[in-house]
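Have a look at the structure below, then the notes.
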Amino acid sequence: MSLRNTWIPITIFLVVICVVRPDLRSEMDAETASESPFVAAKKLIITENYYEAILVLQPLLMSETKSTEQEEALWLAHTLLVNLERNGVWGKDIDQKIKILNKLGAQFVNGEIHFGYRYGFLHRLIETYPDTSKQPIIEYALIQSGYPVPQDMFDEVGHFLTEKSEPAKGTLSALHAYIKKYEKTGRAEVYRAYLDIAHIHHGLWAAITFSDHPYVGMFAKFGTGDPKKDKKLADSHREIALEYYAKFYINPHGLTDTFDYKFFDFKDENGYQLLKRRAEFGWDFILYGC
């Protein structure tokens with residue numbers, strides 16, 4: 001075949017590619033643009049870009065139209081944000097990211113990174129979709145709304161209630177109500193509620209028993225001030241805490257007490273064991289979090 005005969009088909013081929021390729025690129029761009037938010041989020045989750053995964057859900061999160069997709073998006077945004085909180089996968093410009101997330105409905109308070117997320121996506125999910133299949137999970141989560149310290153230990157603007165003699169009463173009532181509603185289901189959240197109750201009563205026992213400890217006294221006065229009454233009160237909290245610790249530890253879900261006891265130099269013991277031997281420990285549960 002002559003060089004001329006070879007060049008002609010090559011030239012035609014190159015012309016076709018030049019004409020067709022822009023169309024192919026446009027088609028690919030259109031496909032990417034019309035990609036489902038869930039498909040885009042999945043790709044970002046695989047690469048551990050959780051913040052970006054929440055952002056691609058924006059059309060559903062900001063929509064006023066109810067749909068199954070929006071219900072799923074609210075749940076996914078919540079789970080991704082909890083993971084961000086737990087693992088600190090934030091990167092740079094944290095303050096700006098929190099502002100953007102709040103516009104999407106996250107409900108961060110005062111820019112706090114750890115435990116600052118107040119479960120805004122869950123609040124909207126259960127309010128908008130009260131019949132959601134995830135209702136039992138959400139109800140338990142909203143008792144504390146992401147904050148590790150019993151919520152009723154604080155006033156409306158988040159200041160510690162220094163003169164409150166019976167802290168955590170509202171939170172305990174909510175936990176007991178949850179257990180009463182779901183106990184027969186054997187849900188994992190019921191056992192977690194057992195542990196929450198154990199931790200709170202453990203904390204109250206410790207705060208009363210070791211009220212002279214500087215870390216306790218700097219927060220609030222616990223108990224009545226009468227040594228005999230306070231010992232009886234502390235013992236009642238200890239008894240309840242031990243009961244609920246015992247209920248938690250026989251859970252069939254393989255749940256463990258994930259509180260970081262090693263941070264307090266208790267390497268081989270958990271709260272249950274520490275309380276049984278009356279160790280000088282426990283006020284952290286109500287002052288710093290369960």
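Simple scheme: letters A, B, ... for chains in structure tokens order, numbers from 1 for residues in each chain, numbers from 1 for ligands in the order shown.
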Which residues are near range 268-285 of chain A? Cut-off 10 Å, only C-alpha atoms, ignore same chain within fewer than 4 positions. Put them as a ChimeraX atom specification.
/A:148-150,195-196,198-211,213,215-216,238-239,241-246,248-249,256-262,264,289-290
Name all residues at most 8 Å from His176 in chain A (count only C-alpha atoms; drop same-chain ones fewer than 4 positions away) and give them as a short mmCIF file (atom, residue, chain, number, x, y, z; two decimals) with N, CA, C and O atoms, in the first residue's frame.
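Writing done, so here's part.cif:
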data_model
loop_
_atom_site.label_atom_id
_atom_site.label_comp_id
_atom_site.auth_asym_id
_atom_site.auth_seq_id
_atom_site.Cartn_x
_atom_site.Cartn_y
_atom_site.Cartn_z
N LEU A 172 -32.06 10.83 83.61
CA LEU A 172 -32.38 9.51 84.16
C LEU A 172 -33.83 9.13 83.86
O LEU A 172 -34.11 7.98 83.49
N LYS A 180 -38.42 1.30 79.54
CA LYS A 180 -39.78 0.80 79.72
C LYS A 180 -40.46 0.55 78.37
O LYS A 180 -41.20 -0.43 78.19
N ALA A 193 -28.59 1.99 77.42
CA ALA A 193 -29.29 2.81 78.41
C ALA A 193 -29.01 2.30 79.83
O ALA A 193 -28.87 3.10 80.76
#
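A straight line drawn from CA of Val82 in chain A to CA of Tyr119 in chain A is 8.7 Å long.
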For CA of Leu84 in chain A and CA of Pro136 in chain A, quote the distance in Å rounded to one decimal.
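Between CA of Leu84 in chain A and CA of Pro136 in chain A the gap is 22.9 Å.
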